[in-house]
Each structure stands twice: as structure tokens, then as C-alpha cells.
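A.B. asks: My structure is stored as work_34.csv, with CSV, N, CA and C atoms.
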chain,number,residue,atom,x,y,z
E,258,MET,N,33.0,64.4,52.8
E,258,MET,CA,32.5,63.1,52.9
E,258,MET,C,32.4,62.4,51.5
E,259,ALA,N,32.8,61.1,51.5
E,259,ALA,CA,32.8,60.4,50.2
E,259,ALA,C,31.4,60.1,49.7
E,260,LYS,N,31.2,60.2,48.5
E,260,LYS,CA,29.9,59.9,47.9
E,260,LYS,C,29.8,58.4,47.6
E,261,PRO,N,28.8,57.6,48.0
E,261,PRO,CA,28.8,56.2,47.7
E,261,PRO,C,28.6,56.0,46.2
E,262,ARG,N,29.2,54.9,45.7
E,262,ARG,CA,29.1,54.6,44.3
E,262,ARG,C,27.7,54.1,43.9
E,263,ASP,N,27.0,54.7,43.0
E,263,ASP,CA,25.7,54.4,42.5
E,263,ASP,C,24.7,54.3,43.6
E,264,GLY,N,24.9,54.9,44.7
E,264,GLY,CA,23.9,54.9,45.7
E,264,GLY,C,23.7,53.5,46.4
E,265,PHE,N,22.5,53.1,46.6
E,265,PHE,CA,22.2,51.9,47.3
E,265,PHE,C,22.2,50.6,46.4
E,266,THR,N,22.4,50.8,45.1
E,266,THR,CA,22.4,49.7,44.2
E,266,THR,C,23.8,49.3,43.7
E,267,SER,N,24.8,49.6,44.5
E,267,SER,CA,26.1,49.3,44.1
E,267,SER,C,26.4,47.8,44.0
E,268,PHE,N,25.6,47.0,44.7
E,268,PHE,CA,25.9,45.6,44.7
E,268,PHE,C,25.3,44.9,43.5
E,269,ARG,N,24.4,45.6,42.7
E,269,ARG,CA,23.8,45.0,41.6
E,269,ARG,C,24.7,45.1,40.3
E,270,LYS,N,24.5,44.1,39.4
E,270,LYS,CA,25.3,44.1,38.2
E,270,LYS,C,24.6,45.2,37.3
E,271,PRO,N,25.4,45.8,36.4
E,271,PRO,CA,24.8,46.7,35.5
E,271,PRO,C,23.9,46.0,34.5
E,272,VAL,N,22.8,46.6,34.1
E,272,VAL,CA,21.9,46.0,33.2
E,272,VAL,C,22.4,46.2,31.8
E,273,ARG,N,22.5,45.1,31.0
E,273,ARG,CA,22.9,45.2,29.6
E,273,ARG,C,21.7,45.3,28.7
E,274,HIS,N,21.6,46.4,28.0
E,274,HIS,CA,20.4,46.5,27.1
E,274,HIS,C,20.8,46.0,25.7
E,275,VAL,N,20.1,45.0,25.2
E,275,VAL,CA,20.4,44.4,23.9
E,275,VAL,C,19.2,44.7,23.0
E,276,GLY,N,19.6,45.0,21.8
E,276,GLY,CA,18.6,45.3,20.8
E,276,GLY,C,17.8,44.1,20.4
E,277,ALA,N,16.7,44.2,19.7
E,277,ALA,CA,15.9,43.1,19.3
E,277,ALA,C,16.7,42.2,18.3
E,278,MET,N,16.3,40.9,18.3
E,278,MET,CA,17.0,40.0,17.4
E,278,MET,C,16.5,40.2,16.0
E,279,PRO,N,17.3,40.0,15.0
E,279,PRO,CA,16.9,40.3,13.6
E,279,PRO,C,15.8,39.3,13.2
E,280,HIS,N,15.0,39.6,12.3
E,280,HIS,CA,13.9,38.8,11.8
E,280,HIS,C,14.5,37.7,10.9
E,281,THR,N,14.3,36.4,11.2
E,281,THR,CA,15.0,35.4,10.4
E,281,THR,C,14.0,34.5,9.7
E,282,PHE,N,12.7,34.8,9.7
E,282,PHE,CA,11.7,34.0,9.1
E,282,PHE,C,11.9,34.0,7.6
E,283,SER,N,12.0,32.8,7.0
E,283,SER,CA,12.3,32.7,5.6
E,283,SER,C,11.0,32.7,4.7
E,284,GLY,N,9.8,32.6,5.3
E,284,GLY,CA,8.6,32.6,4.6
E,284,GLY,C,8.0,31.3,4.5
E,285,LYS,N,8.7,30.2,4.6
E,285,LYS,CA,8.2,28.8,4.6
E,285,LYS,C,8.3,28.2,5.9
E,286,PRO,N,7.2,27.6,6.5
E,286,PRO,CA,7.4,26.9,7.7
E,286,PRO,C,8.2,25.6,7.5
E,287,VAL,N,8.9,25.2,8.5
E,287,VAL,CA,9.7,24.0,8.5
E,287,VAL,C,8.8,22.8,8.6
E,288,GLU,N,8.9,21.9,7.7
E,288,GLU,CA,8.0,20.6,7.8
E,288,GLU,C,8.7,19.7,8.8
E,289,ARG,N,8.0,19.2,9.7
E,289,ARG,CA,8.5,18.2,10.7
E,289,ARG,C,7.9,16.9,10.5
E,290,TRP,N,8.7,15.8,10.5
E,290,TRP,CA,8.2,14.5,10.3
E,290,TRP,C,7.3,14.1,11.4
E,291,ARG,N,6.1,13.6,11.1
E,291,ARG,CA,5.2,13.0,12.1
E,291,ARG,C,4.7,11.7,11.6
E,292,PRO,N,4.8,10.7,12.4
E,292,PRO,CA,4.4,9.3,12.0
E,292,PRO,C,2.9,9.3,11.8
E,293,LYS,N,2.4,8.4,10.9
E,293,LYS,CA,1.0,8.2,10.7
E,293,LYS,C,0.6,6.8,11.2
E,294,LEU,N,-0.6,6.5,11.1
E,294,LEU,CA,-1.0,5.1,11.5
E,294,LEU,C,-0.4,4.1,10.6
E,295,ASN,N,0.0,3.0,11.1
E,295,ASN,CA,0.7,1.9,10.4
E,295,ASN,C,2.1,2.2,9.9
E,296,ASP,N,2.7,3.3,10.3
E,296,ASP,CA,4.1,3.6,10.0
E,296,ASP,C,5.0,2.8,10.9
E,297,ARG,N,6.2,2.4,10.4
E,297,ARG,CA,7.2,1.7,11.2
E,297,ARG,C,8.0,2.8,11.8
E,298,VAL,N,8.3,2.6,13.1
E,298,VAL,CA,9.1,3.6,13.9
E,298,VAL,C,10.0,2.9,14.8
E,299,GLN,N,11.1,3.7,15.2
E,299,GLN,CA,12.1,3.2,16.2
E,299,GLN,C,11.8,3.9,17.5
E,300,THR,N,11.6,3.2,18.6
E,300,THR,CA,11.5,3.7,19.9
E,300,THR,C,12.6,3.3,20.8
E,301,PRO,N,12.8,3.9,22.0
E,301,PRO,CA,13.8,3.4,22.9
E,301,PRO,C,13.7,1.9,23.2
E,302,ASN,N,12.5,1.4,23.1
E,302,ASN,CA,12.2,0.0,23.5
E,302,ASN,C,12.3,-1.0,22.3
E,303,GLY,N,12.4,-0.5,21.1
E,303,GLY,CA,12.6,-1.3,19.9
E,303,GLY,C,11.8,-0.8,18.7
E,304,VAL,N,11.7,-1.5,17.7
E,304,VAL,CA,11.0,-1.2,16.4
E,304,VAL,C,9.6,-1.7,16.5
E,305,GLY,N,8.7,-0.9,16.0
E,305,GLY,CA,7.3,-1.3,16.0
E,305,GLY,C,6.5,-0.5,15.0
E,306,VAL,N,5.1,-0.7,15.1
E,306,VAL,CA,4.2,0.0,14.2
E,306,VAL,C,3.2,0.8,15.0
E,307,VAL,N,3.0,2.1,14.5
E,307,VAL,CA,2.0,3.0,15.2
E,307,VAL,C,0.6,2.5,15.0
E,308,ILE,N,-0.1,2.2,16.1
E,308,ILE,CA,-1.5,1.7,16.0
E,308,ILE,C,-2.5,2.7,16.5
E,309,GLU,N,-2.1,3.8,17.2
E,309,GLU,CA,-3.0,4.8,17.7
E,309,GLU,C,-2.3,6.1,17.9
E,310,ILE,N,-2.9,7.2,17.7
E,310,ILE,CA,-2.3,8.5,17.9
E,310,ILE,C,-3.3,9.4,18.7
E,311,SER,N,-2.7,10.0,19.8
E,311,SER,CA,-3.5,10.9,20.6
E,311,SER,C,-2.6,12.1,21.0
E,312,GLY,N,-2.9,13.2,20.2
E,312,GLY,CA,-2.1,14.4,20.5
E,312,GLY,C,-0.6,14.2,20.0
E,313,ASP,N,0.3,14.3,21.0
E,313,ASP,CA,1.7,14.1,20.7
E,313,ASP,C,2.2,12.7,21.2
E,314,MET,N,1.2,11.9,21.6
E,314,MET,CA,1.5,10.5,22.1
E,314,MET,C,1.1,9.5,21.0
E,315,PHE,N,2.0,8.5,20.9
E,315,PHE,CA,1.8,7.5,19.9
E,315,PHE,C,1.8,6.1,20.5
E,316,LEU,N,0.8,5.2,20.3
E,316,LEU,CA,0.8,3.9,20.8
E,316,LEU,C,1.5,3.0,19.7
E,317,VAL,N,2.5,2.4,20.1
E,317,VAL,CA,3.4,1.6,19.2
E,317,VAL,C,3.3,0.1,19.6
E,318,ASP,N,3.0,-0.7,18.6
E,318,ASP,CA,3.0,-2.2,18.8
E,318,ASP,C,4.4,-2.7,18.5
E,319,LEU,N,5.1,-3.1,19.5
E,319,LEU,CA,6.5,-3.5,19.2
E,319,LEU,C,6.6,-4.9,18.6
E,320,ASP,N,7.6,-5.0,17.6
E,320,ASP,CA,7.8,-6.2,16.9
E,320,ASP,C,8.6,-7.2,17.9
E,321,ASN,N,8.3,-8.5,17.7
E,321,ASN,CA,8.9,-9.6,18.5
E,321,ASN,C,8.8,-9.4,20.0
E,322,GLN,N,7.8,-8.7,20.4
E,322,GLN,CA,7.5,-8.5,21.9
E,322,GLN,C,6.0,-8.5,22.1
E,323,VAL,N,5.6,-8.9,23.2
E,323,VAL,CA,4.2,-8.9,23.6
E,323,VAL,C,4.0,-7.6,24.3
E,324,ALA,N,4.0,-6.5,23.6
E,324,ALA,CA,3.9,-5.2,24.3
E,324,ALA,C,3.5,-4.1,23.3
E,325,THR,N,2.7,-3.2,23.9
E,325,THR,CA,2.4,-1.9,23.2
E,325,THR,C,2.8,-0.8,24.2
E,326,VAL,N,3.5,0.2,23.7
E,326,VAL,CA,3.9,1.3,24.5
E,326,VAL,C,3.5,2.7,24.0
E,327,TRP,N,3.1,3.6,24.9
E,327,TRP,CA,2.9,5.0,24.5
E,327,TRP,C,4.2,5.7,24.5
E,328,GLU,N,4.5,6.4,23.4
E,328,GLU,CA,5.7,7.2,23.3
E,328,GLU,C,5.4,8.6,22.8
E,329,ARG,N,6.2,9.5,23.3
E,329,ARG,CA,6.0,10.9,22.8
E,329,ARG,C,6.7,11.0,21.5
E,330,LEU,N,6.3,12.1,20.8
E,330,LEU,CA,6.9,12.3,19.4
E,330,LEU,C,8.4,12.5,19.5
E,331,THR,N,8.9,13.1,20.6
E,331,THR,CA,10.3,13.4,20.7
E,331,THR,C,11.1,12.2,20.8
E,332,SER,N,10.6,11.0,21.2
E,332,SER,CA,11.4,9.8,21.4
E,332,SER,C,11.2,8.8,20.3
E,333,ILE,N,10.5,9.2,19.2
E,333,ILE,CA,10.2,8.4,18.1
E,333,ILE,C,11.0,8.9,16.9
E,334,LYS,N,11.6,7.9,16.1
E,334,LYS,CA,12.3,8.3,14.9
E,334,LYS,C,12.1,7.2,13.9
E,335,LEU,N,12.6,7.5,12.7
E,335,LEU,CA,12.5,6.5,11.6
E,335,LEU,C,13.4,5.3,11.9
E,336,PRO,N,13.0,4.1,11.6
E,336,PRO,CA,13.9,3.0,11.8
E,336,PRO,C,15.1,3.0,10.9
E,337,SER,N,16.2,2.6,11.5
E,337,SER,CA,17.5,2.6,10.7
E,337,SER,C,17.7,1.3,10.0
Go ahead and express the file in the form of C-alpha cells.
C.D. replies:
Amino acid sequence: MAKPRDGFTSFRKPVRHVGAMPHTFSGKPVERWRPKLNDRVQTPNGVGVVIEISGDMFLVDLDNQVATVWERLTSIKLPS
């Protein structure tokens, strides 16, 4: 009688064991730009000034528009 391959788990892919990733910390944390109050910023809706900060949300008063918008830090950048 023929022996089944790997028993009942023959349909599973073999598990690949990988060693730990090498330690890459250089000792200094990376400084990330964060706008402050009254900084000019570029948002998807236009250029404006930061007027309030709450966590990672920034209230931006848009130039040449009657609007203020809440934007996340990931969608704000320095004006070009």
C-alpha cells in the first residue's frame, strides 16, 4: 500500500522559517515635520493657515475662500 505524502497536510504549503530582521536603529529618531499654529500649509483644497490643532487633525483657514477645513497630518504639506 502506498504511503500518503505528508499525511493529511499534503494540501498545505510548506512553512518557510525566516530569521529575525537585522537591527537597523541608528540611534537618532527621525524628525518628522509637524505644522504649528499660524504655519502656512498646502492641503488638497488649497493653501491656508493652521488655526487649531487637535491630535493629528489640523484646522486650516483657506486663503481666498470662505472655508475652514479639518485635515489629517498625512494630507498636509509645505506650500510649494
A.B. asks: Can you pull out the residues contacting Lys334 in chain E? Cut-off 6 Å, using only N, CA and C atoms, and skip same-chain residues under 5 positions away; I want them as a PyMOL selection string.
C.D. replies: chain E and resi 298-300
A.B. asks: List as an MDAnalysis selection string the residues having at least one atom at most 8 Å from position (3.1, 3.2, 11.3) as given in the file, counting only N, CA and C atoms.
C.D. replies: chainID E and resid 292:298 305:309
A.B. asks: Going by DSSP on the backbone, which residues of range 259-336 of chain E come out as strand (DSSP E)? List them as a list in words.
C.D. replies: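 Taking range 259-336 of chain E and keeping strand (DSSP E) only, one gets Arg297, Val298, Gln299, Thr300, Gly303, Val304, Gly305, Val306, Val307, Ile308, Glu309, Ile310, Ser311, Met314, Phe315, Leu316, Val317, Asp318, Leu319, Thr325, Val326, Trp327, Glu328 and Arg329 of chain E.
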A.B. asks: What is the atom C of Asp313 in chain E to atom C of Gly284 in chain E distance in Å?
C.D. replies: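 Separation between atom C of Asp313 in chain E and atom C of Gly284 in chain E: 25.7 Å.
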A.B. asks: Name all residues at most 7 Å from Phe315 in chain E (count only C-alpha atoms; drop same-chain ones fewer than 3 positions away) and give them as a count of residues only.
C.D. replies: 7
A.B. asks: Applying 6.5 Å and only N, CA and C atoms, which residues near Val326 in chain E remain after dropping the ones on its own chain fewer than 4 positions away? List them as a list in words.
C.D. replies: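 Residues meeting the cut-off are Phe315, Leu316, Val317, Asp318 and Leu319 of chain E.
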A.B. asks: Rounded to one decimal in Å, what is the spacing between atom C of Pro301 in chain E and atom N of Met314 in chain E?
C.D. replies: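 It comes out at 16.1 Å.
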A.B. asks: Using only C-alpha atoms, which residue out of E:Pro279, E:Gly312, E:Gly303, E:Pro286 lies closest to Pro336 in chain E?
C.D. replies: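 Selected residue with least distance to Pro336 in chain E: E:Gly303.
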A.B. asks: Could you write out, as a list of chain:residue names, all the residues of chain E that DSSP marks as helix (DSSP H, G or I)?
C.D. replies: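 Answer for chain E restricted to helix (DSSP H, G or I) is E:Gly264, E:Phe265, E:Thr266, E:Leu330, E:Thr331, E:Ser332.
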A.B. asks: Expressed in Å to a single decimal, how great is the separation between atom C of Val323 in chain E and atom C of Ser337 in chain E?
C.D. replies: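 Interatomic distance here is 21.7 Å.
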A.B. asks: Adding 5 Å on each side of the box along x, y and z that holds all listed atoms of range 295-307 of chain E, could you give its centre and edge lengths in Å to one decimal, as AutoDock Vina command-line options?
C.D. replies:
--center_x 6.9 --center_y 1.1 --center_z 16.7 --size_x 23.8 --size_y 15.6 --size_z 23.6
